[in-house]
$ cat final_37.cif   # mmCIF, C-alpha atoms and all ligand atoms
data_protein
loop_
_atom_site.label_atom_id
_atom_site.label_comp_id
_atom_site.auth_asym_id
_atom_site.auth_seq_id
_atom_site.Cartn_x
_atom_site.Cartn_y
_atom_site.Cartn_z
CA MET A 9 69.05 31.36 27.81
CA ARG A 10 69.91 31.97 31.43
CA ARG A 11 71.14 28.80 33.14
CA PHE A 12 70.33 27.75 36.66
CA LYS A 13 73.29 27.00 38.88
CA LYS A 14 76.39 26.25 36.92
CA GLY A 15 78.49 23.29 37.73
CA MET A 16 75.95 20.44 37.77
CA ALA A 17 77.67 18.92 34.89
CA LEU A 18 79.47 17.68 32.61
CA ALA A 19 82.71 16.08 31.74
CA PHE A 20 81.74 14.81 28.36
CA GLY A 21 84.57 16.40 26.42
CA LEU A 22 84.89 13.87 23.68
CA GLY A 23 81.18 13.51 23.09
CA LEU A 24 80.77 17.26 22.89
CA LEU A 25 83.60 17.65 20.42
CA MET A 26 82.05 15.06 18.17
CA ALA A 27 78.65 16.66 18.48
CA SER A 28 79.89 20.14 17.64
CA SER A 29 81.83 18.98 14.61
CA ALA A 30 78.54 17.67 13.21
CA ALA A 31 76.73 20.94 14.02
CA GLN A 32 73.25 21.38 12.52
CA ALA A 33 71.11 24.43 12.03
CA GLY A 34 68.51 23.25 14.54
CA GLY A 35 70.98 21.98 17.13
CA THR A 36 71.05 18.58 18.77
CA VAL A 37 68.77 17.15 21.42
CA GLU A 38 68.88 13.90 23.27
CA VAL A 39 65.33 13.31 24.45
CA LEU A 40 64.52 11.02 27.36
CA HIS A 41 60.89 9.91 27.37
CA TRP A 42 58.64 6.92 28.07
CA TRP A 43 56.47 6.98 24.98
CA THR A 44 56.89 3.47 23.65
CA SER A 45 53.35 2.09 23.11
CA GLY A 46 51.78 2.23 19.62
CA GLY A 47 49.94 5.54 20.11
CA GLU A 48 52.73 7.09 22.16
CA ALA A 49 55.44 6.16 19.65
CA LYS A 50 53.39 7.67 16.85
CA ALA A 51 53.00 10.92 18.79
CA VAL A 52 56.66 11.27 19.77
CA GLY A 53 57.54 10.36 16.17
CA GLU A 54 55.74 13.59 15.14
CA LEU A 55 57.97 15.59 17.48
CA LYS A 56 61.11 13.93 16.17
CA LYS A 57 60.08 14.52 12.57
CA SER A 58 59.24 18.19 13.10
CA PHE A 59 62.54 18.73 14.89
CA GLU A 60 64.50 17.02 12.13
CA ASP A 61 62.57 18.97 9.47
CA GLN A 62 64.01 22.11 11.05
CA GLY A 63 67.52 20.76 10.53
CA GLY A 64 68.05 19.40 14.03
CA THR A 65 69.60 16.13 15.16
CA TRP A 66 67.40 14.02 17.45
CA ILE A 67 68.91 11.36 19.66
CA ASP A 68 66.13 9.15 20.98
CA SER A 69 66.34 7.81 24.56
CA PRO A 70 63.12 5.92 25.22
CA ILE A 71 62.74 4.17 28.58
CA ALA A 72 59.80 1.77 28.38
CA GLY A 73 57.33 1.68 31.24
CA GLY A 74 53.89 3.33 31.34
CA GLY A 75 53.46 6.20 33.77
CA GLY A 76 57.19 6.97 33.60
CA ASP A 77 58.52 5.40 36.81
CA ALA A 78 61.38 3.63 35.00
CA ALA A 79 62.18 6.81 33.06
CA MET A 80 62.44 8.81 36.29
CA THR A 81 64.86 6.26 37.76
CA ALA A 82 66.97 6.43 34.60
CA LEU A 83 66.95 10.23 34.73
CA ARG A 84 68.22 10.25 38.31
CA ALA A 85 71.08 7.92 37.34
CA ARG A 86 72.02 10.10 34.35
CA VAL A 87 72.11 13.30 36.40
CA VAL A 88 74.09 11.68 39.22
CA ALA A 89 76.59 10.44 36.62
CA GLY A 90 76.96 14.05 35.39
CA ASN A 91 75.50 13.20 32.01
CA PRO A 92 71.93 14.56 31.87
CA PRO A 93 69.89 14.27 28.67
CA THR A 94 69.21 17.60 26.93
CA ALA A 95 65.43 17.30 27.16
CA VAL A 96 63.29 15.18 29.46
CA GLN A 97 59.61 14.29 29.57
CA LEU A 98 58.85 15.48 33.08
CA LYS A 99 55.91 17.06 34.82
CA GLY A 100 54.12 18.53 37.81
CA PRO A 101 56.02 19.03 41.07
CA GLY A 102 58.86 16.96 39.55
CA ILE A 103 59.73 20.03 37.49
CA GLN A 104 60.16 22.10 40.64
CA GLU A 105 62.08 19.33 42.40
CA TRP A 106 64.69 19.22 39.63
CA ALA A 107 64.78 23.01 39.40
CA VAL A 108 65.52 23.28 43.13
CA GLU A 109 68.43 20.91 42.60
CA GLY A 110 69.78 23.35 40.01
CA ALA A 111 69.63 20.76 37.26
CA VAL A 112 67.38 22.49 34.77
CA ALA A 113 67.90 25.19 32.16
CA ASP A 114 65.64 28.20 31.98
CA ILE A 115 63.79 28.68 28.68
CA ASP A 116 62.22 31.97 29.66
CA ASP A 117 63.72 33.93 26.76
CA VAL A 118 61.86 31.67 24.28
CA ALA A 119 58.69 31.84 26.39
CA MET A 120 58.80 35.63 26.66
CA ALA A 121 59.52 36.14 22.96
CA GLU A 122 56.54 33.93 22.10
CA ASP A 123 54.30 35.23 24.92
CA TRP A 124 53.45 31.79 26.33
CA ASP A 125 51.63 33.46 29.23
CA SER A 126 48.89 34.63 26.92
CA VAL A 127 48.20 31.22 25.33
CA LEU A 128 48.45 28.79 28.28
CA PRO A 129 45.78 28.22 30.94
CA PRO A 130 47.20 29.94 34.08
CA VAL A 131 47.09 26.66 36.04
CA LEU A 132 49.42 25.08 33.49
CA ALA A 133 51.70 28.09 33.09
CA GLU A 134 52.24 28.03 36.85
CA ILE A 135 53.41 24.39 36.78
CA MET A 136 55.88 25.17 33.95
CA LYS A 137 57.66 27.91 35.93
CA TYR A 138 60.25 27.98 38.63
CA GLU A 139 60.76 31.25 40.51
CA GLY A 140 58.60 32.95 37.90
CA LYS A 141 60.62 31.75 34.89
CA TYR A 142 59.62 29.07 32.40
CA VAL A 143 61.68 25.91 32.73
CA ALA A 144 59.28 23.56 30.93
CA ALA A 145 57.23 23.53 27.74
CA PRO A 146 53.85 21.74 27.85
CA VAL A 147 52.80 19.53 24.95
CA ASN A 148 49.29 18.61 25.96
CA ILE A 149 46.42 18.26 28.38
CA HIS A 150 45.52 14.70 29.21
CA ARG A 151 42.41 13.84 31.18
CA VAL A 152 42.74 10.90 33.57
CA ASP A 153 39.10 10.26 34.56
CA TRP A 154 37.83 8.40 31.52
CA LEU A 155 36.00 5.15 30.97
CA TRP A 156 36.77 3.37 27.68
CA ALA A 157 34.24 0.84 26.54
CA ASN A 158 33.55 -1.67 23.79
CA PRO A 159 30.00 -0.98 22.53
CA GLU A 160 29.49 -4.47 21.07
CA VAL A 161 30.35 -6.07 24.38
CA LEU A 162 28.01 -3.73 26.28
CA ALA A 163 25.24 -4.53 23.80
CA LYS A 164 25.56 -8.22 24.68
CA VAL A 165 24.21 -7.44 28.15
CA GLY A 166 21.98 -4.55 27.04
CA ALA A 167 23.98 -1.97 28.98
CA ASP A 168 25.05 1.62 28.39
CA VAL A 169 28.15 3.31 29.71
CA PRO A 170 27.44 3.85 33.44
CA SER A 171 27.38 7.26 35.05
CA THR A 172 27.75 6.26 38.70
CA TRP A 173 29.85 3.61 40.43
CA ASP A 174 26.67 1.79 41.49
CA GLU A 175 25.65 1.57 37.85
CA PHE A 176 29.14 0.46 36.94
CA ASN A 177 28.95 -2.35 39.49
CA ALA A 178 25.50 -3.43 38.30
CA THR A 179 26.71 -3.59 34.67
CA ALA A 180 29.87 -5.41 35.72
CA GLU A 181 27.80 -8.07 37.50
CA LYS A 182 25.77 -8.63 34.32
CA LEU A 183 28.95 -8.92 32.26
CA LYS A 184 30.46 -11.33 34.73
CA ALA A 185 27.32 -13.48 34.65
CA ALA A 186 27.63 -13.53 30.85
CA GLY A 187 31.23 -14.75 31.14
CA ILE A 188 32.79 -11.45 30.03
CA THR A 189 35.63 -9.73 31.88
CA PRO A 190 34.14 -6.39 33.00
CA LEU A 191 37.39 -4.49 33.58
CA ALA A 192 40.62 -4.66 31.58
CA HIS A 193 43.35 -3.74 34.04
CA GLY A 194 47.09 -3.93 34.28
CA GLY A 195 48.24 -4.67 37.81
CA GLN A 196 51.12 -2.18 38.08
CA PRO A 197 51.26 0.32 40.94
CA TRP A 198 50.73 3.40 38.75
CA GLN A 199 47.73 1.79 37.06
CA ASP A 200 46.22 0.76 40.41
CA ALA A 201 46.70 4.37 41.55
CA THR A 202 45.09 5.69 38.37
CA VAL A 203 41.96 3.65 39.08
CA PHE A 204 42.10 4.64 42.77
CA GLU A 205 42.11 8.38 42.07
CA VAL A 206 39.30 8.04 39.54
CA VAL A 207 37.23 6.16 42.15
CA ALA A 208 38.12 8.78 44.80
CA LEU A 209 36.84 11.53 42.54
CA GLY A 210 33.70 9.60 41.64
CA LEU A 211 32.74 8.79 45.22
CA GLY A 212 33.96 11.90 46.98
CA GLY A 213 33.78 14.67 44.38
CA ALA A 214 36.39 17.32 43.62
CA ASP A 215 36.54 18.78 47.16
CA PHE A 216 37.23 15.43 48.77
CA TYR A 217 39.77 14.56 46.07
CA ARG A 218 41.60 17.84 46.59
CA LYS A 219 41.66 17.52 50.37
CA ALA A 220 42.79 13.90 50.42
CA LEU A 221 45.07 13.55 47.41
CA VAL A 222 46.47 17.06 47.00
CA ASP A 223 46.35 18.84 50.38
CA LEU A 224 46.92 15.57 52.30
CA ASP A 225 44.33 16.59 54.86
CA MET A 226 44.30 13.93 57.59
CA GLU A 227 40.55 14.19 58.23
CA ALA A 228 39.85 13.46 54.56
CA LEU A 229 42.44 10.70 54.42
CA LYS A 230 40.90 8.86 57.36
CA SER A 231 37.26 9.63 56.47
CA ASP A 232 34.43 7.21 55.80
CA THR A 233 34.57 8.32 52.18
CA MET A 234 38.13 6.99 51.94
CA VAL A 235 36.93 3.68 53.42
CA LYS A 236 34.29 3.56 50.68
CA VAL A 237 36.95 4.25 48.05
CA PHE A 238 38.88 1.18 49.18
CA ASP A 239 35.61 -0.81 49.28
CA GLN A 240 35.07 0.05 45.62
CA MET A 241 38.67 -0.92 44.82
CA ARG A 242 37.96 -4.32 46.39
CA THR A 243 34.79 -4.60 44.28
CA LEU A 244 36.77 -3.75 41.14
CA ARG A 245 39.32 -6.42 42.04
CA GLY A 246 36.49 -8.89 41.49
CA TYR A 247 35.98 -7.58 37.95
CA VAL A 248 39.46 -8.08 36.51
CA ASP A 249 40.66 -11.24 34.76
CA PRO A 250 43.12 -13.65 36.41
CA GLY A 251 45.98 -12.45 34.16
CA PHE A 252 45.87 -8.80 35.26
CA SER A 253 49.01 -8.80 37.35
CA GLY A 254 51.91 -6.85 35.81
CA ARG A 255 50.11 -6.30 32.49
CA ASP A 256 51.08 -3.17 30.54
CA TRP A 257 48.30 -0.59 30.17
CA ASN A 258 48.26 -0.76 26.37
CA LEU A 259 47.63 -4.51 26.51
CA ALA A 260 44.65 -3.78 28.73
CA THR A 261 43.45 -1.29 26.09
CA ALA A 262 43.84 -4.04 23.48
CA MET A 263 41.53 -6.26 25.54
CA VAL A 264 38.76 -3.66 25.18
CA MET A 265 39.57 -3.28 21.48
CA ASN A 266 39.33 -7.03 20.89
CA GLY A 267 36.17 -7.49 22.91
CA GLU A 268 37.93 -9.52 25.61
CA ALA A 269 36.80 -7.00 28.20
CA ALA A 270 34.14 -4.29 28.42
CA PHE A 271 35.86 -1.35 30.12
CA GLN A 272 39.19 0.22 30.92
CA ILE A 273 39.65 3.06 33.41
CA MET A 274 42.56 5.04 32.01
CA GLY A 275 43.62 8.48 30.83
CA ASP A 276 43.11 9.48 27.21
CA TRP A 277 46.50 8.19 26.10
CA ALA A 278 44.34 5.04 25.75
CA LYS A 279 42.56 6.84 22.91
CA GLY A 280 45.92 7.24 21.18
CA GLU A 281 46.17 3.47 21.32
CA PHE A 282 42.71 2.88 19.82
CA LEU A 283 43.44 5.41 17.07
CA ALA A 284 46.84 3.92 16.25
CA ALA A 285 45.04 0.60 15.73
CA GLY A 286 42.67 2.26 13.26
CA LYS A 287 39.64 2.23 15.59
CA VAL A 288 36.95 4.88 15.28
CA PRO A 289 35.62 6.69 18.36
CA GLY A 290 31.86 6.40 18.83
CA GLU A 291 31.81 3.27 16.62
CA ASP A 292 34.53 0.81 17.59
CA PHE A 293 35.02 2.23 21.06
CA LEU A 294 33.28 4.65 23.39
CA CYS A 295 34.76 7.30 25.65
CA ALA A 296 32.85 8.67 28.62
CA PRO A 297 33.96 10.71 31.59
CA ALA A 298 34.14 8.49 34.66
CA PRO A 299 31.65 9.36 37.43
CA GLY A 300 32.64 12.52 39.27
CA ASN A 301 31.59 15.55 37.27
CA ALA A 302 35.08 17.04 37.44
CA PHE A 303 38.38 16.79 35.57
CA ILE A 304 41.62 15.13 36.65
CA LEU A 305 44.43 17.00 34.95
CA ASN A 306 47.61 15.43 33.62
CA SER A 307 49.88 17.40 31.34
CA ASP A 308 53.06 16.22 29.66
CA SER A 309 55.86 18.68 29.35
CA PHE A 310 59.52 18.77 28.45
CA VAL A 311 62.18 20.16 30.71
CA MET A 312 65.55 21.18 29.34
CA PHE A 313 68.40 20.05 31.53
CA GLU A 314 71.54 22.00 32.27
CA VAL A 315 73.98 20.99 29.54
CA SER A 316 76.91 22.70 27.90
CA GLY A 317 77.83 23.21 24.25
CA ALA A 318 76.30 25.75 21.87
CA GLU A 319 74.73 23.12 19.68
CA ARG A 320 72.85 21.46 22.50
CA ILE A 321 71.69 24.76 23.91
CA GLU A 322 70.51 25.74 20.45
CA GLY A 323 68.69 22.40 20.24
CA GLN A 324 66.89 23.14 23.50
CA LYS A 325 65.65 26.51 22.26
CA VAL A 326 64.48 25.10 18.96
CA LEU A 327 62.72 22.22 20.69
CA ALA A 328 60.99 24.46 23.24
CA SER A 329 59.71 26.74 20.51
CA LEU A 330 58.62 23.82 18.33
CA ILE A 331 56.70 22.15 21.18
CA MET A 332 54.69 25.30 21.74
CA SER A 333 53.98 26.01 18.07
CA PRO A 334 50.24 25.77 17.22
CA GLY A 335 50.80 23.45 14.24
CA PHE A 336 52.80 20.98 16.27
CA GLN A 337 50.34 21.07 19.17
CA GLU A 338 47.61 20.02 16.76
CA THR A 339 49.52 17.24 15.00
CA PHE A 340 50.96 15.79 18.18
CA ASN A 341 47.72 15.75 20.14
CA LEU A 342 45.73 14.22 17.29
CA ALA A 343 48.02 11.21 17.68
CA LYS A 344 48.47 11.24 21.46
CA GLY A 345 44.78 11.25 22.49
CA SER A 346 45.12 14.48 24.46
CA ILE A 347 44.16 18.07 23.62
CA PRO A 348 46.55 20.97 23.01
CA ALA A 349 48.02 22.81 25.98
CA ARG A 350 47.58 26.08 24.08
CA VAL A 351 44.11 27.54 24.36
CA ASP A 352 44.25 29.13 20.89
CA VAL A 353 44.45 25.92 18.84
CA ALA A 354 41.12 25.17 17.14
CA LEU A 355 39.70 21.70 17.79
CA ASP A 356 37.99 21.31 14.40
CA ALA A 357 40.23 18.42 13.40
CA PHE A 358 39.70 16.61 16.73
CA ASP A 359 37.15 13.89 17.58
CA ASP A 360 34.23 14.09 19.99
CA CYS A 361 36.22 12.65 22.91
CA ALA A 362 38.71 15.53 22.59
CA LYS A 363 35.91 18.06 22.27
CA LYS A 364 34.23 16.63 25.38
CA SER A 365 37.53 16.86 27.22
CA HIS A 366 37.89 20.51 26.28
CA GLU A 367 34.30 21.30 27.23
CA ASP A 368 34.62 19.61 30.62
CA LEU A 369 38.00 21.22 31.24
CA THR A 370 36.52 24.66 30.68
CA ALA A 371 33.57 23.85 32.95
CA ALA A 372 35.91 22.47 35.62
CA MET A 373 38.06 25.61 35.51
CA THR A 374 35.03 27.84 36.01
CA GLY A 375 33.39 25.54 38.54
CA ASP A 376 36.56 24.96 40.59
CA SER A 377 36.47 21.22 39.97
CA LEU A 378 39.76 20.89 38.11
CA VAL A 379 42.07 18.65 40.15
CA PRO A 380 45.64 17.50 39.45
CA SER A 381 46.45 13.82 39.05
CA MET A 382 48.16 12.20 42.02
CA ALA A 383 48.99 9.01 40.10
CA HIS A 384 50.51 10.97 37.21
CA GLU A 385 52.78 13.17 39.27
CA MET A 386 50.83 16.40 39.02
CA ALA A 387 49.75 16.75 42.64
CA VAL A 388 52.23 15.75 45.31
CA PRO A 389 55.98 15.15 45.63
CA ARG A 390 57.25 11.87 44.23
CA SER A 391 57.94 10.51 47.71
CA VAL A 392 54.33 11.07 48.82
CA ARG A 393 52.97 9.61 45.57
CA GLY A 394 55.12 6.55 46.28
CA GLU A 395 53.35 6.05 49.62
CA PHE A 396 49.92 6.18 47.97
CA LEU A 397 51.01 3.69 45.32
CA ASP A 398 52.39 1.24 47.89
CA VAL A 399 49.23 1.14 50.00
CA VAL A 400 46.82 1.08 47.06
CA THR A 401 48.69 -1.76 45.37
CA GLU A 402 49.11 -3.76 48.54
CA HIS A 403 45.41 -3.46 49.29
CA PHE A 404 44.44 -4.40 45.72
CA ASN A 405 46.60 -7.53 45.81
CA SER A 406 45.68 -8.86 49.24
CA ASP A 407 42.66 -9.35 51.45
CA MET A 408 43.44 -6.23 53.48
CA THR A 409 40.29 -4.56 54.79
CA SER A 410 39.39 -1.05 53.73
CA GLN A 411 39.77 0.11 57.33
CA GLU A 412 43.28 -1.25 57.53
CA ALA A 413 44.17 0.30 54.18
CA VAL A 414 43.02 3.69 55.44
CA GLU A 415 45.05 3.31 58.64
CA ARG A 416 48.14 2.36 56.67
CA LEU A 417 47.63 5.22 54.26
CA VAL A 418 47.32 7.76 57.07
CA ALA A 419 50.48 6.45 58.77
CA ALA A 420 52.42 6.38 55.49
CA ILE A 421 51.44 9.91 54.47
CA GLN A 422 52.24 11.21 57.96
CA ARG A 423 55.67 9.66 57.67
CA ALA A 424 56.28 11.14 54.25
CA MET A 425 55.24 14.70 55.14
C1 LIG B 1 51.73 10.26 30.62
C2 LIG B 1 51.22 9.90 29.25
C3 LIG B 1 51.56 8.45 28.97
C4 LIG B 1 51.04 7.55 30.08
C5 LIG B 1 51.32 6.08 29.89
C6 LIG B 1 51.25 9.27 31.65
O1 LIG B 1 51.80 9.58 32.91
O2 LIG B 1 51.31 11.55 30.98
O3 LIG B 1 51.76 10.72 28.27
O4 LIG B 1 51.05 8.09 27.71
O5 LIG B 1 51.64 7.96 31.31
O6 LIG B 1 52.65 5.84 29.66
#
$ encode --input "final_37.cif" --output "structure tokens"
Amino acid sequence: MRRFKKGMALAFGLGLLMASSAAQAGGTVEVLHWWTSGGEAKAVGELKKSFEDQGGTWIDSPIAGGGGDAAMTALRARVVAGNPPTAVQLKGPGIQEWAVEGAVADIDDVAMAEDWDSVLPPVLAEIMKYEGKYVAAPVNIHRVDWLWANPEVLAKVGADVPSTWDEFNATAEKLKAAGITPLAHGGQPWQDATVFEVVALGLGGADFYRKALVDLDMEALKSDTMVKVFDQMRTLRGYVDPGFSGRDWNLATAMVMNGEAAFQIMGDWAKGEFLAAGKVPGEDFLCAPAPGNAFILNSDSFVMFEVSGAERIEGQKVLASLIMSPGFQETFNLAKGSIPARVDVALDAFDDCAKKSHEDLTAAMTGDSLVPSMAHEMAVPRSVRGEFLDVVTEHFNSDMTSQEAVERLVAAIQRAM
């Protein structure tokens, strides 16, 4: 395993001595992640178990907080203190940002020996590499643009899952008139941004999404379409319950489960939540792609950080190889709600939501409508994402006009570039 830039680390003499005296066949990993909800904990539990089954020692470092913002703050503090975790749930441009800082270990020898290039979609393989070498191992493909619905609640107003935002609004009005909360939402910046990017895709299509949220094209950012996106956000604000502020995403999912609300707009980690509660897709809950006819990509991956000590380095290799093994990719993703990152894992054991995700992903790759998630750190640097989140959240929680939101967004992105 070739290491990037020596010297980032690590004066943890005593800790290392203790670790090496308890050496295990599969090495030791300390894993920093943010998988703490019911479905997430079940999925990461599969990883822990498989690692331990191979004789490894797993030190769990969960940092609660959906979307991973708290985890990223904790990671920064650990690296600055010279004590990075061995493996970190990290993704998108964040992988490159840490690699540029010289903080990550290269796992290219494992990747080459196992020929990862031949089993990963090229778009994903690209994200996992720095200067042509693998520095991250992907666990899954999550889709962000989903609507989750409670069929019994929809039946009360004689509605189906909508396929345009106009239809969504019409159904939401009916639900509201019947005293039902149309949209389960958690008012946290990353959740606001998740809804925002799904609306942007639905109203503007993949080209607009790519220009505005990935390429940061000023014309797209200040366009009438962007004004309409904020208009729809304002409309959605009228469909959430009074207790939305600060709510965790999995509690919003529970509202759909319990029939307290009709819909949630969320990535398919929400399906992991329904499944962990014993709910059956197509019966207890419905999944449908949100309007947009495209696919917003979010992929979780693990990055190995630059650490010293043979046992930890061994742990990193074992973990990287385990993550990419076909058997693990199946077990993990059945629990997580996502689909495997590897293209050669059969989906026979997966439900119809997963099969739909795979079908639409393939169509989006051929039709050039696959776009990376801005809200989930797949599209733009963290600093730029932060600007989007600030404006979107401020608009959602005030009476700011759409025009003003657009002006603020343009100014903020210009500043951040
Ligand atoms: C991650 C998912 C996670 C979700 C909520 C997303 O950014 O990719 O794995 O379940 O945040 O915490």
$ residues_near_ligand --input "final_37.cif" --ligand "ligand LIG 1 (chain B)" --cutoff "9 Å" --atoms "all atoms listed in the file" --output "number ranges by chain"
A: 42-45, 47-48, 72-77, 97-99, 148-150, 152, 198, 257-258, 275-278, 280, 306-309, 344-346, 383-385
$ closest_residue --input "final_37.cif" --among "A:Asp61, A:Glu291, A:Glu205, A:Glu38" --to "Arg320 (chain A)" --atoms "only C-alpha atoms"
A:Glu38
$ residues_near_point --input "final_37.cif" --point "(70.2, 13.2, 36.3)" --cutoff "9 Å" --atoms "all atoms listed in the file" --output "PyMOL selection string"
chain A and resi 80-93+106+111+313
$ residues_near_point --input "final_37.cif" --point "(38.7, 8.8, 59.7)" --cutoff "12 Å" --atoms "only C-alpha atoms" --output "PDB file with C-alpha atoms, in the coordinates of the input"
ATOM      1  CA  ALA A 220      42.790  13.900  50.420  1.00  0.00           C
ATOM      2  CA  ASP A 225      44.330  16.590  54.860  1.00  0.00           C
ATOM      3  CA  MET A 226      44.300  13.930  57.590  1.00  0.00           C
ATOM      4  CA  GLU A 227      40.550  14.190  58.230  1.00  0.00           C
ATOM      5  CA  ALA A 228      39.850  13.460  54.560  1.00  0.00           C
ATOM      6  CA  LEU A 229      42.440  10.700  54.420  1.00  0.00           C
ATOM      7  CA  LYS A 230      40.900   8.860  57.360  1.00  0.00           C
ATOM      8  CA  SER A 231      37.260   9.630  56.470  1.00  0.00           C
ATOM      9  CA  ASP A 232      34.430   7.210  55.800  1.00  0.00           C
ATOM     10  CA  THR A 233      34.570   8.320  52.180  1.00  0.00           C
ATOM     11  CA  MET A 234      38.130   6.990  51.940  1.00  0.00           C
ATOM     12  CA  VAL A 235      36.930   3.680  53.420  1.00  0.00           C
ATOM     13  CA  LYS A 236      34.290   3.560  50.680  1.00  0.00           C
ATOM     14  CA  SER A 410      39.390  -1.050  53.730  1.00  0.00           C
ATOM     15  CA  GLN A 411      39.770   0.110  57.330  1.00  0.00           C
ATOM     16  CA  GLU A 412      43.280  -1.250  57.530  1.00  0.00           C
ATOM     17  CA  ALA A 413      44.170   0.300  54.180  1.00  0.00           C
ATOM     18  CA  VAL A 414      43.020   3.690  55.440  1.00  0.00           C
ATOM     19  CA  GLU A 415      45.050   3.310  58.640  1.00  0.00           C
ATOM     20  CA  ARG A 416      48.140   2.360  56.670  1.00  0.00           C
ATOM     21  CA  LEU A 417      47.630   5.220  54.260  1.00  0.00           C
ATOM     22  CA  VAL A 418      47.320   7.760  57.070  1.00  0.00           C
TER      23      VAL A 418
END
$ closest_residue --input "final_37.cif" --among "A:Thr202, A:Met312, A:Met408, A:Gly210" --to "Lys325 (chain A)" --atoms "only C-alpha atoms"
A:Met312
$ atom_distance --input "final_37.cif" --atom1 "CA of Val131 (chain A)" --atom2 "CA of Met382 (chain A)"
15.7 Å
